[in-house]
$ cat target28.cif   # mmCIF, C-alpha atoms
data_my_file
loop_
_atom_site.group_PDB
_atom_site.id
_atom_site.type_symbol
_atom_site.label_atom_id
_atom_site.label_comp_id
_atom_site.auth_asym_id
_atom_site.auth_seq_id
_atom_site.Cartn_x
_atom_site.Cartn_y
_atom_site.Cartn_z
ATOM 1 C CA MET A 1422 -34.149 -27.128 -56.295
ATOM 2 C CA PRO A 1423 -33.047 -23.915 -54.525
ATOM 3 C CA ALA A 1424 -35.275 -24.804 -51.575
ATOM 4 C CA VAL A 1425 -33.693 -28.271 -51.369
ATOM 5 C CA LEU A 1426 -30.171 -26.779 -51.467
ATOM 6 C CA ASP A 1427 -30.993 -24.313 -48.682
ATOM 7 C CA ARG A 1428 -32.279 -27.183 -46.552
ATOM 8 C CA ILE A 1429 -29.054 -29.145 -47.133
ATOM 9 C CA ARG A 1430 -26.991 -26.119 -46.108
ATOM 10 C CA LEU A 1431 -28.975 -25.727 -42.877
ATOM 11 C CA LEU A 1432 -28.576 -29.408 -42.023
ATOM 12 C CA THR A 1433 -24.828 -29.481 -42.670
ATOM 13 C CA ALA A 1434 -23.931 -26.172 -40.912
ATOM 14 C CA PRO A 1435 -23.901 -27.667 -37.383
ATOM 15 C CA LEU A 1436 -21.648 -30.483 -38.599
ATOM 16 C CA VAL A 1437 -19.173 -27.969 -40.018
ATOM 17 C CA THR A 1438 -19.197 -25.982 -36.775
ATOM 18 C CA LEU A 1439 -18.616 -29.153 -34.754
ATOM 19 C CA ALA A 1440 -15.750 -30.166 -37.004
ATOM 20 C CA LEU A 1441 -14.087 -26.810 -36.534
ATOM 21 C CA ALA A 1442 -14.494 -27.041 -32.770
ATOM 22 C CA LEU A 1443 -12.886 -30.485 -32.697
ATOM 23 C CA ALA A 1444 -10.132 -29.715 -35.175
ATOM 24 C CA PRO A 1445 -6.742 -30.784 -33.836
ATOM 25 C CA GLY A 1446 -4.239 -28.056 -33.029
ATOM 26 C CA ALA A 1447 -6.810 -25.433 -32.031
ATOM 27 C CA PRO A 1448 -5.350 -23.313 -29.176
ATOM 28 C CA ALA A 1449 -7.075 -23.705 -25.803
ATOM 29 C CA GLN A 1450 -8.336 -20.584 -24.080
ATOM 30 C CA ALA A 1451 -6.564 -20.141 -20.702
ATOM 31 C CA MET A 1452 -8.952 -19.310 -17.896
ATOM 32 C CA THR A 1453 -7.731 -16.898 -15.225
ATOM 33 C CA PRO A 1454 -8.890 -18.128 -11.823
ATOM 34 C CA PRO A 1455 -10.730 -15.600 -9.679
ATOM 35 C CA PRO A 1456 -8.974 -14.119 -6.636
ATOM 36 C CA THR A 1457 -9.153 -16.118 -3.431
ATOM 37 C CA PRO A 1458 -11.403 -14.385 -0.882
ATOM 38 C CA ILE A 1459 -10.059 -13.563 2.585
ATOM 39 C CA THR A 1460 -13.164 -13.838 4.737
ATOM 40 C CA SER A 1461 -11.570 -13.112 8.114
ATOM 41 C CA CYS A 1462 -9.664 -9.875 8.749
ATOM 42 C CA THR A 1463 -7.180 -11.475 11.135
ATOM 43 C CA THR A 1464 -3.409 -11.693 11.403
ATOM 44 C CA ALA A 1465 -3.585 -15.457 10.891
ATOM 45 C CA ALA A 1466 -5.458 -15.087 7.590
ATOM 46 C CA LEU A 1467 -2.985 -12.497 6.348
ATOM 47 C CA ASP A 1468 -0.050 -14.689 7.445
ATOM 48 C CA ALA A 1469 -1.396 -17.574 5.366
ATOM 49 C CA ALA A 1470 -1.901 -15.413 2.260
ATOM 50 C CA VAL A 1471 1.599 -13.941 2.408
ATOM 51 C CA ALA A 1472 3.164 -17.361 2.986
ATOM 52 C CA ALA A 1473 1.389 -18.941 0.015
ATOM 53 C CA GLY A 1474 1.420 -16.011 -2.416
ATOM 54 C CA GLY A 1475 -1.250 -15.562 -5.074
ATOM 55 C CA ASP A 1476 -4.182 -13.265 -5.786
ATOM 56 C CA TYR A 1477 -6.468 -12.364 -2.860
ATOM 57 C CA VAL A 1478 -9.460 -10.109 -2.339
ATOM 58 C CA PHE A 1479 -10.760 -9.141 1.078
ATOM 59 C CA ALA A 1480 -14.340 -10.173 1.793
ATOM 60 C CA CYS A 1481 -14.360 -8.525 5.222
ATOM 61 C CA ASP A 1482 -13.907 -5.161 6.916
ATOM 62 C CA GLY A 1483 -11.462 -4.639 9.753
ATOM 63 C CA THR A 1484 -8.059 -3.648 11.106
ATOM 64 C CA ILE A 1485 -5.373 -6.324 10.876
ATOM 65 C CA PRO A 1486 -2.433 -6.060 13.319
ATOM 66 C CA VAL A 1487 0.975 -6.877 11.832
ATOM 67 C CA PRO A 1488 3.349 -7.455 14.782
ATOM 68 C CA ALA A 1489 6.390 -8.436 12.683
ATOM 69 C CA ALA A 1490 7.581 -7.567 9.190
ATOM 70 C CA TYR A 1491 6.734 -9.995 6.386
ATOM 71 C CA GLU A 1492 9.239 -11.301 3.846
ATOM 72 C CA LEU A 1493 8.176 -11.739 0.209
ATOM 73 C CA PRO A 1494 11.024 -13.678 -1.448
ATOM 74 C CA ALA A 1495 12.107 -13.417 -5.049
ATOM 75 C CA GLY A 1496 9.921 -15.470 -7.367
ATOM 76 C CA ARG A 1497 6.765 -15.115 -5.246
ATOM 77 C CA SER A 1498 3.942 -12.730 -6.199
ATOM 78 C CA LEU A 1499 1.177 -11.452 -3.953
ATOM 79 C CA VAL A 1500 -1.917 -9.373 -4.679
ATOM 80 C CA LEU A 1501 -3.992 -7.995 -1.792
ATOM 81 C CA ASP A 1502 -7.144 -6.155 -2.872
ATOM 82 C CA GLY A 1503 -9.534 -4.437 -0.459
ATOM 83 C CA ALA A 1504 -11.876 -3.093 -3.146
ATOM 84 C CA GLY A 1505 -15.289 -2.201 -1.737
ATOM 85 C CA ARG A 1506 -14.102 -2.885 1.820
ATOM 86 C CA ASN A 1507 -12.542 -0.942 4.679
ATOM 87 C CA VAL A 1508 -9.303 -2.788 5.481
ATOM 88 C CA THR A 1509 -6.359 -1.366 7.447
ATOM 89 C CA LEU A 1510 -2.984 -3.053 7.952
ATOM 90 C CA ILE A 1511 -1.506 -1.604 11.136
ATOM 91 C CA GLY A 1512 1.948 -1.861 12.688
ATOM 92 C CA PRO A 1513 2.965 -1.620 16.360
ATOM 93 C CA SER A 1514 3.257 2.207 16.272
ATOM 94 C CA ILE A 1515 5.987 2.159 18.930
ATOM 95 C CA TRP A 1516 9.649 3.100 19.178
ATOM 96 C CA VAL A 1517 11.362 -0.002 17.931
ATOM 97 C CA THR A 1518 14.371 -1.584 19.603
ATOM 98 C CA GLU A 1519 15.370 -4.066 16.916
ATOM 99 C CA THR A 1520 16.224 -3.799 13.228
ATOM 100 C CA GLY A 1521 12.781 -2.602 12.271
ATOM 101 C CA ARG A 1522 9.102 -3.384 12.005
ATOM 102 C CA GLY A 1523 8.090 -2.391 8.525
ATOM 103 C CA PHE A 1524 5.107 -4.036 6.862
ATOM 104 C CA MET A 1525 7.100 -6.059 4.335
ATOM 105 C CA THR A 1526 10.496 -6.558 2.756
ATOM 106 C CA VAL A 1527 9.791 -7.213 -0.936
ATOM 107 C CA ALA A 1528 12.126 -9.214 -3.159
ATOM 108 C CA GLY A 1529 9.277 -10.657 -5.258
ATOM 109 C CA THR A 1530 6.241 -8.900 -6.759
ATOM 110 C CA LEU A 1531 3.707 -7.135 -4.533
ATOM 111 C CA VAL A 1532 0.445 -5.454 -5.576
ATOM 112 C CA LEU A 1533 -1.631 -3.621 -2.968
ATOM 113 C CA LYS A 1534 -5.049 -2.214 -3.851
ATOM 114 C CA HIS A 1535 -7.605 -0.211 -1.897
ATOM 115 C CA LEU A 1536 -5.907 -0.614 1.481
ATOM 116 C CA ARG A 1537 -4.638 1.572 4.319
ATOM 117 C CA VAL A 1538 -1.135 0.818 5.636
ATOM 118 C CA THR A 1539 -0.241 2.658 8.837
ATOM 119 C CA GLY A 1540 1.827 2.615 12.024
ATOM 120 C CA PHE A 1541 5.048 0.991 10.817
ATOM 121 C CA GLN A 1542 8.367 2.378 12.073
ATOM 122 C CA VAL A 1543 11.917 1.368 11.275
ATOM 123 C CA GLY A 1544 15.031 2.547 13.054
ATOM 124 C CA GLY A 1545 15.160 4.068 16.517
ATOM 125 C CA PHE A 1546 17.382 2.672 19.227
ATOM 126 C CA ALA A 1547 18.623 -0.206 17.078
ATOM 127 C CA PHE A 1548 20.458 2.317 14.897
ATOM 128 C CA GLU A 1549 22.315 4.289 17.581
ATOM 129 C CA GLY A 1550 25.904 5.264 16.937
ATOM 130 C CA VAL A 1551 28.751 3.693 18.889
ATOM 131 C CA ALA A 1552 30.025 5.291 22.099
ATOM 132 C CA GLY A 1553 32.953 7.695 21.926
ATOM 133 C CA ALA A 1554 36.477 6.692 22.962
ATOM 134 C CA PRO A 1555 37.700 7.566 26.496
ATOM 135 C CA GLY A 1556 39.614 10.804 26.932
ATOM 136 C CA ARG A 1557 43.403 10.768 27.384
ATOM 137 C CA PRO A 1558 44.929 10.886 30.899
ATOM 138 C CA GLY A 1559 45.828 14.277 32.346
ATOM 139 C CA ALA A 1560 49.409 15.536 32.531
ATOM 140 C CA ASP A 1561 51.493 14.892 35.613
ATOM 141 C CA GLY A 1562 51.677 17.643 38.238
ATOM 142 C CA ARG A 1563 54.750 19.847 38.572
ATOM 143 C CA PRO A 1564 57.412 18.984 41.201
ATOM 144 C CA GLY A 1565 57.240 20.620 44.625
ATOM 145 C CA THR A 1566 59.685 23.362 45.617
ATOM 146 C CA ALA A 1567 62.886 22.470 47.458
ATOM 147 C CA GLY A 1568 62.981 23.036 51.215
ATOM 148 C CA THR A 1569 65.239 25.690 52.803
ATOM 149 C CA ASN A 1570 67.388 25.563 55.962
ATOM 150 C CA GLY A 1571 66.434 21.974 56.687
ATOM 151 C CA ALA A 1572 62.724 22.548 56.172
ATOM 152 C CA ALA A 1573 60.707 19.900 54.434
ATOM 153 C CA GLY A 1574 60.312 20.197 50.716
ATOM 154 C CA GLY A 1575 57.082 21.677 49.370
ATOM 155 C CA ALA A 1576 54.212 19.480 48.259
ATOM 156 C CA GLY A 1577 54.106 18.365 44.656
ATOM 157 C CA GLY A 1578 51.786 20.270 42.359
ATOM 158 C CA PRO A 1579 48.359 18.769 41.533
ATOM 159 C CA GLY A 1580 48.010 16.553 38.505
ATOM 160 C CA GLY A 1581 46.692 18.110 35.334
ATOM 161 C CA ASP A 1582 43.045 17.699 34.253
ATOM 162 C CA GLY A 1583 42.117 14.600 32.287
ATOM 163 C CA GLY A 1584 41.616 14.959 28.542
ATOM 164 C CA VAL A 1585 38.149 15.405 27.024
ATOM 165 C CA GLY A 1586 36.337 12.172 26.121
ATOM 166 C CA GLY A 1587 36.045 11.283 22.474
ATOM 167 C CA SER A 1588 32.893 12.192 20.496
ATOM 168 C CA GLY A 1589 30.149 9.582 20.117
ATOM 169 C CA GLY A 1590 29.873 7.879 16.755
ATOM 170 C CA ALA A 1591 27.292 9.093 14.246
ATOM 171 C CA GLY A 1592 23.876 7.441 14.236
ATOM 172 C CA ARG A 1593 23.356 4.853 11.518
ATOM 173 C CA SER A 1594 20.840 5.367 8.722
ATOM 174 C CA ALA A 1595 17.402 3.834 9.112
ATOM 175 C CA ARG A 1596 15.930 1.633 6.388
ATOM 176 C CA GLY A 1597 12.356 1.330 5.261
ATOM 177 C CA GLY A 1598 9.191 2.641 6.805
ATOM 178 C CA ALA A 1599 6.180 0.671 5.557
ATOM 179 C CA LEU A 1600 7.983 -1.159 2.729
ATOM 180 C CA THR A 1601 11.581 -2.123 2.080
ATOM 181 C CA ILE A 1602 12.096 -2.982 -1.600
ATOM 182 C CA ALA A 1603 15.044 -5.191 -2.567
ATOM 183 C CA PRO A 1604 16.741 -4.719 -5.973
ATOM 184 C CA SER A 1605 14.738 -7.643 -7.369
ATOM 185 C CA GLY A 1606 11.444 -6.448 -5.851
ATOM 186 C CA ARG A 1607 8.525 -4.913 -7.730
ATOM 187 C CA VAL A 1608 5.733 -3.022 -5.947
ATOM 188 C CA THR A 1609 2.478 -1.608 -7.328
ATOM 189 C CA LEU A 1610 0.210 0.557 -5.150
ATOM 190 C CA ASP A 1611 -3.313 1.223 -6.391
ATOM 191 C CA HIS A 1612 -5.521 3.463 -4.220
ATOM 192 C CA VAL A 1613 -3.413 2.725 -1.140
ATOM 193 C CA SER A 1614 -3.203 5.098 1.835
ATOM 194 C CA LEU A 1615 0.206 5.210 3.535
ATOM 195 C CA ASP A 1616 0.303 7.244 6.741
ATOM 196 C CA ALA A 1617 2.188 7.365 10.063
ATOM 197 C CA ASN A 1618 4.953 5.153 8.683
ATOM 198 C CA VAL A 1619 8.331 6.441 9.854
ATOM 199 C CA ALA A 1620 11.969 5.620 9.130
ATOM 200 C CA LEU A 1621 13.925 6.891 12.125
ATOM 201 C CA ALA A 1622 17.649 7.488 11.836
ATOM 202 C CA GLY A 1623 19.738 6.398 14.812
ATOM 203 C CA VAL A 1624 20.867 8.965 17.346
ATOM 204 C CA ALA A 1625 24.546 9.760 17.807
ATOM 205 C CA GLY A 1626 26.504 7.626 20.220
ATOM 206 C CA VAL A 1627 27.222 8.753 23.778
ATOM 207 C CA GLY A 1628 30.448 10.739 24.223
ATOM 208 C CA GLY A 1629 33.421 8.917 25.756
ATOM 209 C CA PRO A 1630 34.321 9.360 29.447
ATOM 210 C CA GLY A 1631 36.826 12.076 30.342
ATOM 211 C CA GLY A 1632 40.458 11.084 30.909
ATOM 212 C CA GLY A 1633 41.790 10.446 34.421
ATOM 213 C CA GLY A 1634 43.533 13.290 36.295
ATOM 214 C CA GLY A 1635 47.293 13.480 36.027
ATOM 215 C CA THR A 1636 49.603 12.120 38.772
ATOM 216 C CA GLY A 1637 50.537 14.658 41.438
ATOM 217 C CA GLY A 1638 54.063 16.065 41.200
ATOM 218 C CA PRO A 1639 56.812 14.717 43.518
ATOM 219 C CA GLY A 1640 57.426 16.580 46.788
ATOM 220 C CA GLY A 1641 60.321 19.011 46.953
ATOM 221 C CA SER A 1642 63.656 17.840 48.393
ATOM 222 C CA GLY A 1643 64.361 18.693 52.023
ATOM 223 C CA GLY A 1644 66.635 21.689 52.766
ATOM 224 C CA HIS A 1645 70.208 21.224 54.019
ATOM 225 C CA ALA A 1646 70.898 21.906 57.669
ATOM 226 C CA GLN A 1647 73.394 24.738 58.323
#
$ encode --input "target28.cif" --output "structure tokens"
Amino acid sequence: MPAVLDRIRLLTAPLVTLALALAPGAPAQAMTPPPTPITSCTTAALDAAVAAGGDYVFACDGTIPVPAAYELPAGRSLVLDGAGRNVTLIGPSIWVTETGRGFMTVAGTLVLKHLRVTGFQVGGFAFEGVAGAPGRPGADGRPGTAGTNGAAGGAGGPGGDGGVGGSGGAGRSARGGALTIAPSGRVTLDHVSLDANVALAGVAGVGGPGGGGGTGGPGGSGGHAQ
């Protein structure tokens, strides 16, 4: 009898296992999809990844030019992972003339891993101060001396020097560098090299022009004949 019972247990064990597997209400195991590979280290491929958001891993080596700053809006997440590869994201590395060329303005969630980010500058000429106000006009010249014995009056004195021009306005503060993070933004950097990324404050504005010279004084009155 014990041998028969053991055989019954062996035969019914798979049925019990199957019943447990098919039992209603059992929680399903969520599968995390693997990162999407980026197989071409080009600006176009990076543009597409940033626009769509998601989890990406580079399957290429190379330097990717980034001519304009990206925007990662609130509610969008992006993971860029260069693990095992040599990937550089490079900016224009020039003096900028507009509001800035950082790598990205982040209002969503950004994770960068195993990447080099270099050559992004923000500020420069776009942040110059305003020009100073013009100087005040100079004072009028003094009157000429009166003539004597019918002689002509003396020439009026020269006008005074114009006032000094106003000081140029202060340069405005620069924002950013490689990344500009909005209040809602979240950024994680994991084995990321950041170099040659500069936030340049604006220079002071040009001083105002000097004031105009004062008006010459009136000539002296002629002398009286005797």
$ residues_around --input "target28.cif" --residues "Tyr1477 of chain A" --least-positions-apart "5" --cutoff "6 Å" --atoms "only C-alpha atoms" --output "PyMOL selection string"
chain A and resi 1456-1458+1500-1501
$ atom_distance --input "target28.cif" --atom1 "atom CA of Pro1486 of chain A" --atom2 "atom CA of Ser1605 of chain A"
26.9 Å
$ closest_residue --input "target28.cif" --among "A:Met1452, A:Val1527, A:Val1538, A:Ala1465" --to "Ala1495 of chain A" --atoms "all atoms listed in the file"
A:Val1527
$ closest_residue --input "target28.cif" --among "A:His1612, A:Gly1577, A:Leu1531, A:Val1508" --to "Gly1496 of chain A" --atoms "only C-alpha atoms"
A:Leu1531
$ resolve_selection --input "target28.cif" --expression "the PyMOL selection byres ((chain A and resi 1537) around 7)" --output "list in words"
Val1508, Thr1509, Leu1510, Leu1536, Val1538, Thr1539, Val1613, Ser1614 and Leu1615 of chain A
$ write_last_selection --input "target28.cif" --atoms "C-alpha atoms" --output "compact mmCIF listing (two decimals), in the frame of the given file"
# COMPACT_ATOMS: atom_id res chain seq x y z
CA VAL A 1508 -9.30 -2.79 5.48
CA THR A 1509 -6.36 -1.37 7.45
CA LEU A 1510 -2.98 -3.05 7.95
CA LEU A 1536 -5.91 -0.61 1.48
CA VAL A 1538 -1.14 0.82 5.64
CA THR A 1539 -0.24 2.66 8.84
CA VAL A 1613 -3.41 2.72 -1.14
CA SER A 1614 -3.20 5.10 1.84
CA LEU A 1615 0.21 5.21 3.54
$ residues_around --input "target28.cif" --residues "Gly1635 of chain A" --least-positions-apart "4" --cutoff "6 Å" --atoms "only C-alpha atoms" --output "list in words"
Gly1559, Ala1560, Asp1561, Gly1580 and Gly1581 of chain A
$ residues_around --input "target28.cif" --residues "segment 1462-1464 of chain A" --least-positions-apart "6" --cutoff "12 Å" --atoms "only C-alpha atoms" --output "ChimeraX atom specification"
/A:1470-1471,1478-1491,1503,1506-1512
$ atom_distance --input "target28.cif" --atom1 "atom CA of Pro1455 of chain A" --atom2 "atom CA of Thr1526 of chain A"
26.2 Å
$ resolve_selection --input "target28.cif" --expression "the PyMOL selection byres ((chain A and resi 1530) around 7)" --output "VMD selection string"
chain A and resid 1497 to 1499 1528 to 1529 1531 to 1532 1606 to 1608
$ atom_distance --input "target28.cif" --atom1 "atom CA of Gly1634 of chain A" --atom2 "atom CA of Val1585 of chain A"
10.9 Å
$ closest_residue --input "target28.cif" --among "A:Pro1555, A:Pro1454, A:Gly1523, A:Pro1513" --to "Thr1601 of chain A" --atoms "all atoms listed in the file"
A:Gly1523
$ closest_residue --input "target28.cif" --among "A:Pro1630, A:Pro1558, A:Ala1599, A:Ala1504" --to "Gly1583 of chain A" --atoms "all atoms listed in the file"
A:Pro1558
